[in-house]
Amino acid sequence: MYKAPRGTFDIYGQEHLLRDEVVNVMFDVVKMYGFSPITTPIFEESKLFIRSVGDSSDIVNKEIYEFSDKKGRSLALRPELTAPIMRSYIENKMYAQDPIKKLCYYGPSFRYERPQAGRYRQFYQFGVESMGIKNPIYDAQMIIMALHILEQLGINNFSLHINTLGSNEDRANYNKALKDYFSNHVDNLCEDCKHRLDTNPLRILDCKIDGDSDIIKNAPKLQDYLSEDSLSYYQTIKQTLDSLEITYIEDEKLVRGLDYYNDIVFEIISDSDDAKNTLVGGGRYDNLCSQLGGENISSIGFAIGVERIINTLKAQNENILENYNQDIDVYFSTSSDEERIQALRIMNQLRDGLVCECNYVDKSYKANLKQALKHNAIFLISFEDDSAIIRNLKTKEEEKMSERDLLNYFNKLR
Ligand code: AMP
């Protein structure tokens with residue numbers, strides 16, 4: 001028996017219907033903020049991720065699904081969508097008339113991680129990328145939009161964590177200070193962090209192994225390396241959130257696992273015990289465009305883990321899936337091929353909006369009624385002589401009418 005590869009899953013039935021609704025809500029919210037959808041390939045040149053996400057990140061270093069195609073090109077299943085979307089923005093010259101572009105997406109990402117609850121090897125992200133606007137009030141607006149999505153989904157009990165990484169120059173100065181500091185403590189660092197010391201010392205701060213050690217606690221603080229401009233940019237974001245009465249936690253350890261961020265970074269973390277996880281992660285990335293060969297265009301975005309949203313919704317309401325059924329509106333109870341052809345003819349007309357079904361194998365009226373009720377059908381239609389008998393399963397009313405009158409009956413209902 002074949003099994004889905006480790007860390008992957010099939011989506012079907014009520015799960016799929018719930019997911020469809022979740023994703024629709026997400027798209028509906030961001031459309032109100034002017035975002036339009038984009039779909040890019042699920043694989044890209046490997047180099048795209050190495051140059052953007054960074055080869056010091058776990059995502060590229062350990063988790064990337066990389067392969068060569070038949071012509072020897074090095075390709076990778078996308079581990080995230082920011083870099084592919086920026087690639088598309090540049091390649092399609094989307095900036096030509098107006099650099100401002102607001103794009104939203106939904107699709108799978110792939111990371112070779114150790115599977116566990118809320119962590120998969122193929123998972124789905126909904127996200128937004130906004131190019132061409134640099135303004136701290138807009139950054140606050142992006143965070144507010146993420147909160148708006150969660151609110152529309154009915155998710156409660158989460159906290160917003162924010163931090164600033166400062167400008168690139170601030171980051172470079174800070175990285176140098178960290179390098180000097182950690183170089184004196186090499187022996188106490190894990191193997192990964194020893195490597196990070198050369199490639200990106202900032203990432204030592206969110207190491208899962210060394211994270212709580214005194215060496216990290218006593219390390220230089222980014223806050224001491226932020227320029228006036230960076231601080232005032234961050235301050236305006238906080239003031240905007242304050243004036244809209246949005247609570248947040250300032251989290252100096254929040255550096256995010258990808259290399260391209262600057263200034264604001266944020267995460268929304270679920271407080272629920274059953275799904276304690278980062279639901280949303282995002283930040284500003286002003287240099288990614290130029291780094292990938294485009295112009296100097298400031299951008300900001302975030303991604304939401306759709307499975308984590310679904311797990312959180314299920315933790316909040318363990319019966320949630322019961323609300324997601326493939327309901328039928330009109331069920332036809334037939335007892336011969338002749339009647340089934342008649343039913344097909346009527347269903348062709350009604351399927352202009354109504355979900356219709358009939359039995360294709362002879363079954364008793366009672367068995368068909370049971371089937372109709374199981375799928376929450378509103379009407380059950382059977383045939384007698386040349387007439388149709390329509391039974392309203394909610395009001396229990398029954399009426400006998402011709403096929404033409406039946407179609408009129410439904411036309412009037414619309
Ligand atoms: P990241 O690009 O790592 O910030 O991821 C953005 C969001 O995607 C996270 O906040 C999670 O909700 C989700 N996510 C990341 N990795 C996984 C994974 N392996 N399985 C499921 N969801 C994930």
# chains A, B, ... in the order shown; residues from 1 in each chain; ligands from 1
$ residues_near_ligand --ligand "ligand 1" --cutoff "8 Å" --atoms "only C-alpha atoms and all ligand atoms" --output "ChimeraX atom specification"
/A:79-80,110-113,115,118-125,256-258,267-268,277-282,302-309
$ closest_residue --among "A:Asp224, A:Glu397, A:Glu295, A:Glu250" --to "A:Val265" --atoms "only C-alpha atoms"
A:Glu250
$ closest_residue --among "A:Met131, A:Ile50, A:Ile143, A:Ala4" --to "A:Asp286" --atoms "only C-alpha atoms"
A:Met131
$ atom_distance --atom1 "atom CA of A:Tyr65" --atom2 "atom CA of A:Cys193"
22.4 Å
$ select_by_dssp --residues "stretch 246-353 of chain A" --states "strand (DSSP E or B)" --output "PyMOL selection string"
chain A and resi 249-250+262-270+278-284+299-305+330-333
$ residues_around --residues "A:Ser88" --least-positions-apart "6" --cutoff "10 Å" --atoms "only C-alpha atoms" --output "PDB file with N, CA, C and O atoms, in the first residue's frame"
ATOM      1  N   ILE A  38      -1.783  36.541  -7.209  1.00  0.00           N
ATOM      2  CA  ILE A  38      -0.696  36.117  -8.108  1.00  0.00           C
ATOM      3  C   ILE A  38      -0.415  34.636  -7.838  1.00  0.00           C
ATOM      4  O   ILE A  38      -0.523  34.178  -6.706  1.00  0.00           O
ATOM      5  N   THR A  39      -0.088  33.905  -8.898  1.00  0.00           N
ATOM      6  CA  THR A  39       0.316  32.499  -8.768  1.00  0.00           C
ATOM      7  C   THR A  39       1.632  32.328  -9.503  1.00  0.00           C
ATOM      8  O   THR A  39       1.753  32.745 -10.658  1.00  0.00           O
ATOM      9  N   THR A  40       2.614  31.753  -8.844  1.00  0.00           N
ATOM     10  CA  THR A  40       3.926  31.526  -9.475  1.00  0.00           C
ATOM     11  C   THR A  40       4.201  30.017  -9.449  1.00  0.00           C
ATOM     12  O   THR A  40       3.518  29.283  -8.739  1.00  0.00           O
ATOM     13  N   PRO A  41       5.228  29.564 -10.204  1.00  0.00           N
ATOM     14  CA  PRO A  41       5.505  28.114 -10.233  1.00  0.00           C
ATOM     15  C   PRO A  41       5.895  27.586  -8.854  1.00  0.00           C
ATOM     16  O   PRO A  41       6.398  28.354  -8.025  1.00  0.00           O
ATOM     17  N   THR A  82       7.999  34.757  -0.977  1.00  0.00           N
ATOM     18  CA  THR A  82       8.397  36.162  -1.142  1.00  0.00           C
ATOM     19  C   THR A  82       9.403  36.313  -2.289  1.00  0.00           C
ATOM     20  O   THR A  82       9.227  37.178  -3.162  1.00  0.00           O
ATOM     21  N   MET A  94       6.621  44.593 -13.459  1.00  0.00           N
ATOM     22  CA  MET A  94       5.352  45.065 -12.895  1.00  0.00           C
ATOM     23  C   MET A  94       5.470  46.492 -12.376  1.00  0.00           C
ATOM     24  O   MET A  94       4.479  47.154 -12.136  1.00  0.00           O
TER      25      MET A  94
END
$ closest_residue --among "A:Leu222, A:Ile341, A:Ile300, A:Met401" --to "A:Asp170" --atoms "only C-alpha atoms"
A:Leu222
$ residues_around --residues "A:Asp386" --least-positions-apart "4" --cutoff "10 Å" --atoms "only C-alpha atoms" --output "list in words"
Glu339, Met401, Ser402 and Glu403 of chain A
$ residues_around --residues "A:Arg345" --least-positions-apart "3" --cutoff "12 Å" --atoms "only C-alpha atoms" --output "list in words"
Phe332, Glu338, Glu339, Arg340, Ile341, Gln342, Asn348, Gln349, Leu350, Arg351, Cys356, Cys358, Glu403, Arg404 and Leu407 of chain A
$ write_last_selection --atoms "N, CA and C atoms" --output "mmCIF file, in the first residue's frame"
data_model
loop_
_atom_site.group_PDB
_atom_site.id
_atom_site.type_symbol
_atom_site.label_atom_id
_atom_site.label_comp_id
_atom_site.auth_asym_id
_atom_site.auth_seq_id
_atom_site.Cartn_x
_atom_site.Cartn_y
_atom_site.Cartn_z
ATOM 1 N N PHE A 332 -33.660 13.950 -6.425
ATOM 2 C CA PHE A 332 -34.678 13.287 -7.249
ATOM 3 C C PHE A 332 -34.708 11.800 -6.921
ATOM 4 N N GLU A 338 -36.168 5.763 -17.434
ATOM 5 C CA GLU A 338 -37.013 6.813 -18.020
ATOM 6 C C GLU A 338 -37.118 8.023 -17.073
ATOM 7 N N GLU A 339 -37.399 7.708 -15.830
ATOM 8 C CA GLU A 339 -37.509 8.789 -14.823
ATOM 9 C C GLU A 339 -36.179 9.497 -14.622
ATOM 10 N N ARG A 340 -35.098 8.706 -14.702
ATOM 11 C CA ARG A 340 -33.774 9.323 -14.504
ATOM 12 C C ARG A 340 -33.467 10.294 -15.644
ATOM 13 N N ILE A 341 -33.871 9.942 -16.859
ATOM 14 C CA ILE A 341 -33.650 10.859 -17.989
ATOM 15 C C ILE A 341 -34.460 12.133 -17.776
ATOM 16 N N GLN A 342 -35.699 11.944 -17.293
ATOM 17 C CA GLN A 342 -36.541 13.111 -16.992
ATOM 18 C C GLN A 342 -35.879 13.979 -15.907
ATOM 19 N N ASN A 348 -30.643 19.731 -15.355
ATOM 20 C CA ASN A 348 -29.901 20.632 -16.252
ATOM 21 C C ASN A 348 -30.357 22.070 -16.102
ATOM 22 N N GLN A 349 -31.662 22.247 -15.910
ATOM 23 C CA GLN A 349 -32.224 23.596 -15.755
ATOM 24 C C GLN A 349 -31.927 24.145 -14.357
ATOM 25 N N LEU A 350 -32.088 23.283 -13.347
ATOM 26 C CA LEU A 350 -31.975 23.765 -11.964
ATOM 27 C C LEU A 350 -30.535 24.048 -11.552
ATOM 28 N N ARG A 351 -29.588 23.383 -12.233
ATOM 29 C CA ARG A 351 -28.190 23.558 -11.818
ATOM 30 C C ARG A 351 -27.668 24.950 -12.137
ATOM 31 N N CYS A 356 -28.027 19.590 -7.313
ATOM 32 C CA CYS A 356 -29.032 18.554 -7.574
ATOM 33 C C CYS A 356 -28.384 17.177 -7.615
ATOM 34 N N CYS A 358 -29.562 12.695 -8.014
ATOM 35 C CA CYS A 358 -30.621 11.693 -8.069
ATOM 36 C C CYS A 358 -29.998 10.314 -7.838
ATOM 37 N N GLU A 403 -43.974 19.057 -15.305
ATOM 38 C CA GLU A 403 -42.557 19.434 -15.371
ATOM 39 C C GLU A 403 -42.421 20.943 -15.578
ATOM 40 N N ARG A 404 -43.244 21.486 -16.447
ATOM 41 C CA ARG A 404 -43.195 22.924 -16.730
ATOM 42 C C ARG A 404 -43.508 23.751 -15.465
ATOM 43 N N LEU A 407 -40.563 23.713 -13.088
ATOM 44 C CA LEU A 407 -39.499 24.664 -13.440
ATOM 45 C C LEU A 407 -39.912 26.080 -13.065
#
$ select_by_dssp --residues "stretch 5-224 of chain A" --states "helix (DSSP H, G or I)" --output "NGL selection string"
:A and (13-31 or 46-52 or 58-61 or 82-91 or 136-153 or 168-183 or 186-188 or 191-199 or 201-206 or 214-217 or 222-224)
$ closest_residue --among "A:Leu241, A:Leu369, A:Ile216, A:Val330" --to "A:Ala140" --atoms "only C-alpha atoms"
A:Leu241
$ residues_around --residues "stretch 132-135 of chain A" --least-positions-apart "3" --cutoff "12 Å" --atoms "only C-alpha atoms" --output "PyMOL selection string"
chain A and resi 86+89+94-103+129+138-142+230+232-237+240+262-264+284-289+295-301
$ write_last_selection --atoms "C-alpha atoms" --output "mmCIF file, in the first residue's frame"
data_model
loop_
_atom_site.group_PDB
_atom_site.id
_atom_site.type_symbol
_atom_site.label_atom_id
_atom_site.label_comp_id
_atom_site.auth_asym_id
_atom_site.auth_seq_id
_atom_site.Cartn_x
_atom_site.Cartn_y
_atom_site.Cartn_z
ATOM 1 C CA MET A 86 9.758 39.432 -6.159
ATOM 2 C CA TYR A 89 7.642 41.433 -10.103
ATOM 3 C CA MET A 94 5.352 45.065 -12.895
ATOM 4 C CA TYR A 95 6.965 48.280 -11.643
ATOM 5 C CA ALA A 96 7.057 49.838 -15.133
ATOM 6 C CA GLN A 97 4.027 52.095 -14.833
ATOM 7 C CA ASP A 98 3.776 52.287 -11.101
ATOM 8 C CA PRO A 99 6.179 50.640 -8.651
ATOM 9 C CA ILE A 100 3.366 50.163 -6.160
ATOM 10 C CA LYS A 101 2.014 46.624 -6.419
ATOM 11 C CA LYS A 102 0.005 44.783 -3.827
ATOM 12 C CA LEU A 103 -0.046 41.042 -4.421
ATOM 13 C CA GLU A 129 3.641 41.180 -0.677
ATOM 14 C CA TYR A 138 1.698 51.662 6.141
ATOM 15 C CA ASP A 139 3.716 49.034 8.036
ATOM 16 C CA ALA A 140 1.257 49.359 10.918
ATOM 17 C CA GLN A 141 -1.545 49.023 8.366
ATOM 18 C CA MET A 142 -0.047 45.729 7.144
ATOM 19 C CA SER A 230 15.494 53.531 12.551
ATOM 20 C CA SER A 232 11.945 56.947 14.957
ATOM 21 C CA TYR A 233 10.579 54.727 12.152
ATOM 22 C CA TYR A 234 9.869 51.989 14.691
ATOM 23 C CA GLN A 235 8.401 54.533 17.107
ATOM 24 C CA THR A 236 5.863 55.705 14.528
ATOM 25 C CA ILE A 237 4.756 52.115 13.910
ATOM 26 C CA THR A 240 0.086 54.023 15.143
ATOM 27 C CA ASN A 262 15.045 45.065 7.789
ATOM 28 C CA ASP A 263 13.208 47.474 10.102
ATOM 29 C CA ILE A 264 9.890 46.023 11.252
ATOM 30 C CA ARG A 284 9.876 44.669 5.706
ATOM 31 C CA TYR A 285 12.418 43.759 3.041
ATOM 32 C CA ASP A 286 13.715 46.862 1.340
ATOM 33 C CA ASN A 287 16.739 45.324 -0.356
ATOM 34 C CA LEU A 288 15.325 42.146 -1.804
ATOM 35 C CA CYS A 289 14.350 43.765 -5.109
ATOM 36 C CA GLU A 295 15.533 48.447 -8.829
ATOM 37 C CA ASN A 296 15.680 49.792 -5.328
ATOM 38 C CA ILE A 297 12.074 49.189 -4.308
ATOM 39 C CA SER A 298 11.044 48.951 -0.676
ATOM 40 C CA SER A 299 8.626 46.196 0.210
ATOM 41 C CA ILE A 300 6.814 44.553 3.078
ATOM 42 C CA GLY A 301 4.828 41.334 3.413
#
$ residues_around --residues "A:Ala83" --least-positions-apart "3" --cutoff "7 Å" --atoms "only C-alpha atoms" --output "JSON, numbers by chain"
{"A": [48, 49, 52, 86, 87]}
$ atom_distance --atom1 "atom CA of A:Ala219" --atom2 "atom CA of A:Tyr174"
10.6 Å
$ atom_distance --atom1 "atom CA of A:Ala315" --atom2 "atom CA of A:Val22"
15.0 Å
